[in-house]
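run29.pdb follows (PDB, C-alpha atoms):
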ATOM      1  CA  MET A   1     157.161 102.102  99.502  1.00  0.00           C
ATOM      2  CA  GLU A   2     156.243 100.187  96.361  1.00  0.00           C
ATOM      3  CA  LYS A   3     158.573  97.388  95.209  1.00  0.00           C
ATOM      4  CA  ILE A   4     159.226  95.941  91.770  1.00  0.00           C
ATOM      5  CA  LEU A   5     161.097  92.866  90.657  1.00  0.00           C
ATOM      6  CA  PHE A   6     163.644  93.589  87.910  1.00  0.00           C
ATOM      7  CA  SER A   7     164.704  90.519  85.926  1.00  0.00           C
ATOM      8  CA  PRO A   8     167.706  91.263  83.702  1.00  0.00           C
ATOM      9  CA  ASP A   9     168.282  88.810  80.849  1.00  0.00           C
ATOM     10  CA  ASN A  10     169.992  85.640  82.073  1.00  0.00           C
ATOM     11  CA  ASP A  11     170.465  86.998  85.607  1.00  0.00           C
ATOM     12  CA  ASN A  12     168.764  86.503  88.917  1.00  0.00           C
ATOM     13  CA  PRO A  13     165.855  88.870  89.620  1.00  0.00           C
ATOM     14  CA  VAL A  14     166.612  91.918  91.772  1.00  0.00           C
ATOM     15  CA  GLU A  15     164.096  93.667  94.012  1.00  0.00           C
ATOM     16  CA  PHE A  16     163.979  97.471  93.813  1.00  0.00           C
ATOM     17  CA  PHE A  17     162.067 100.089  95.764  1.00  0.00           C
ATOM     18  CA  ILE A  18     160.409 102.829  93.714  1.00  0.00           C
ATOM     19  CA  LEU A  19     161.342 106.274  95.017  1.00  0.00           C
ATOM     20  CA  GLU A  20     159.541 108.354  92.368  1.00  0.00           C
ATOM     21  CA  GLN A  21     158.139 108.188  88.874  1.00  0.00           C
ATOM     22  CA  THR A  22     157.629 110.744  86.132  1.00  0.00           C
ATOM     23  CA  THR A  23     156.636 111.006  82.488  1.00  0.00           C
ATOM     24  CA  VAL A  24     158.706 112.997  80.001  1.00  0.00           C
ATOM     25  CA  SER A  25     157.590 113.371  76.382  1.00  0.00           C
ATOM     26  CA  GLY A  26     155.147 110.482  76.817  1.00  0.00           C
ATOM     27  CA  VAL A  27     157.790 108.096  78.207  1.00  0.00           C
ATOM     28  CA  ASN A  28     157.495 106.777  81.773  1.00  0.00           C
ATOM     29  CA  TYR A  29     160.565 106.715  84.012  1.00  0.00           C
ATOM     30  CA  ILE A  30     161.040 105.407  87.536  1.00  0.00           C
ATOM     31  CA  LEU A  31     163.739 106.141  90.080  1.00  0.00           C
ATOM     32  CA  VAL A  32     164.590 102.995  92.034  1.00  0.00           C
ATOM     33  CA  THR A  33     166.976 101.921  94.768  1.00  0.00           C
ATOM     34  CA  ASP A  34     167.935  98.558  96.236  1.00  0.00           C
ATOM     35  CA  LYS A  35     167.482  99.674  99.878  1.00  0.00           C
ATOM     36  CA  GLU A  36     164.290 100.928 101.482  1.00  0.00           C
ATOM     37  CA  GLU A  37     166.131 103.326 103.827  1.00  0.00           C
ATOM     38  CA  GLY A  38     169.501 105.023 104.110  1.00  0.00           C
ATOM     39  CA  ASP A  39     172.093 105.930 101.514  1.00  0.00           C
ATOM     40  CA  SER A  40     172.189 103.655  98.513  1.00  0.00           C
ATOM     41  CA  GLU A  41     172.751 103.504  94.800  1.00  0.00           C
ATOM     42  CA  ALA A  42     169.852 104.605  92.615  1.00  0.00           C
ATOM     43  CA  LEU A  43     168.969 103.812  89.021  1.00  0.00           C
ATOM     44  CA  ILE A  44     166.669 105.502  86.563  1.00  0.00           C
ATOM     45  CA  LEU A  45     164.670 102.990  84.548  1.00  0.00           C
ATOM     46  CA  LYS A  46     162.841 103.722  81.293  1.00  0.00           C
ATOM     47  CA  ASP A  47     159.577 101.964  80.388  1.00  0.00           C
ATOM     48  CA  VAL A  48     160.130 100.376  76.973  1.00  0.00           C
ATOM     49  CA  SER A  49     157.028  98.159  77.092  1.00  0.00           C
ATOM     50  CA  LYS A  50     155.157  97.363  73.911  1.00  0.00           C
ATOM     51  CA  ASN A  51     151.387  96.959  73.691  1.00  0.00           C
ATOM     52  CA  GLU A  52     151.712  93.176  73.428  1.00  0.00           C
ATOM     53  CA  ASP A  53     153.868  92.864  76.584  1.00  0.00           C
ATOM     54  CA  GLU A  54     152.008  91.260  79.479  1.00  0.00           C
ATOM     55  CA  GLN A  55     154.257  92.932  82.069  1.00  0.00           C
ATOM     56  CA  ALA A  56     156.074  96.244  82.090  1.00  0.00           C
ATOM     57  CA  VAL A  57     159.519  96.160  80.501  1.00  0.00           C
ATOM     58  CA  TYR A  58     162.161  98.569  81.800  1.00  0.00           C
ATOM     59  CA  GLU A  59     165.736  99.244  80.808  1.00  0.00           C
ATOM     60  CA  ILE A  60     168.390 101.198  82.668  1.00  0.00           C
ATOM     61  CA  VAL A  61     168.885 104.689  81.242  1.00  0.00           C
ATOM     62  CA  SER A  62     172.493 104.797  80.062  1.00  0.00           C
ATOM     63  CA  ASP A  63     172.571 107.699  77.585  1.00  0.00           C
ATOM     64  CA  ASP A  64     174.456 110.499  79.384  1.00  0.00           C
ATOM     65  CA  THR A  65     172.331 113.354  78.001  1.00  0.00           C
ATOM     66  CA  GLU A  66     169.064 111.612  78.871  1.00  0.00           C
ATOM     67  CA  LEU A  67     170.410 110.538  82.273  1.00  0.00           C
ATOM     68  CA  ASN A  68     171.566 114.044  83.236  1.00  0.00           C
ATOM     69  CA  ALA A  69     168.241 115.608  82.247  1.00  0.00           C
ATOM     70  CA  LEU A  70     166.300 112.990  84.226  1.00  0.00           C
ATOM     71  CA  ALA A  71     168.599 113.324  87.232  1.00  0.00           C
ATOM     72  CA  ASP A  72     167.763 117.040  87.368  1.00  0.00           C
ATOM     73  CA  ILE A  73     164.044 116.267  87.208  1.00  0.00           C
ATOM     74  CA  PHE A  74     164.196 113.606  89.923  1.00  0.00           C
ATOM     75  CA  GLU A  75     166.340 115.849  92.171  1.00  0.00           C
ATOM     76  CA  SER A  76     163.561 118.441  92.023  1.00  0.00           C
ATOM     77  CA  LEU A  77     160.877 115.814  92.757  1.00  0.00           C
ATOM     78  CA  VAL A  78     162.548 113.941  95.633  1.00  0.00           C
ATOM     79  CA  GLU A  79     163.643 115.856  98.710  1.00  0.00           C
ATOM     80  CA  GLY A  80     167.135 115.042  99.940  1.00  0.00           C
ATOM     81  CA  ILE A  81     168.338 113.180  96.861  1.00  0.00           C
ATOM     82  CA  ALA A  82     171.475 114.102  94.948  1.00  0.00           C
ATOM     83  CA  PHE A  83     173.066 112.363  91.976  1.00  0.00           C
ATOM     84  CA  GLU A  84     176.847 112.164  91.696  1.00  0.00           C
TER      85      GLU A  84
END
Could I get this file's structure written as structure tokens?
Amino acid sequence: MEKILFSPDNDNPVEFFILEQTTVSGVNYILVTDKEEGDSEALILKDVSKNEDEQAVYEIVSDDTELNALADIFESLVEGIAFE
């Protein structure tokens, strides 16, 4: 399973495991979790990188409408996952 290092502003970096990725309307999204196996919390991250960025820049999807639509998509892509 692929890993990424997420470095929130002014916080310690956090390692996430990528469960799935998708593109919706030209925007890339990834579904990540902090544990490689077992039940855990998951986040949907949105790629907000600009052309001049040397590394990918992601932010946590927090808009409820966007989050619900993406949760439905990821539930159909990943077997055995359910969002609460």
Practice task
Specify as a ChimeraX atom specification each residue included when the PyMOL selection byres ((chain A and resi 75) around 12) is applied to this file.
Solution key: /A:19-22,31,42,44,67-74,76-84
Practice task
Write out as a list in words each polymer residue whose atoms come within 12 Å of Ser7 of chain A, counting only C-alpha atoms; drop sequence neighbours fewer than 5 positions from it.
Solution key: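 The neighbour list is Asn12, Pro13, Val14, Glu15, Phe16, Gln55, Ala56, Val57, Tyr58, Glu59 and Ile60 of chain A.
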Problem - Gap from atom CA of Glu54 of chain A to atom CA of Gly26 of chain A - Å, one decimal - result: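 Those two atoms sit 19.7 Å apart.
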Exercise for the section: Step by step: start from the point (167.7, 100.4, 91.5) in the file's coordinates, keep every protein, DNA or RNA residue that has an atom no farther than 7 Å from it, count only C-alpha atoms, and write the set as a VMD selection string. Expected result: chain A and resid 16 32 to 34 41 to 43
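Taking atom CA of Pro8 of chain A as the reference point, atom CA of Glu66 of chain A is found at 21.0 Å.
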Fill in the blank from the handout: Between A:Thr65, A:Ser40, A:Asp53, A:Asp47, smallest distance to Val27 of chain A by only C-alpha atoms belongs to A:Asp47
Handout entry: Atomic distance atom CA of Glu36 of chain A - atom CA of Ser49 of chain A, expressed in Å with one decimal
Key = 25.6 Å
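Distances here use all atoms listed in the file; by that measure, the residue among A:Asn51, A:Leu45, A:Asp39, A:Asp63 closest to Ile18 of chain A is A:Leu45.
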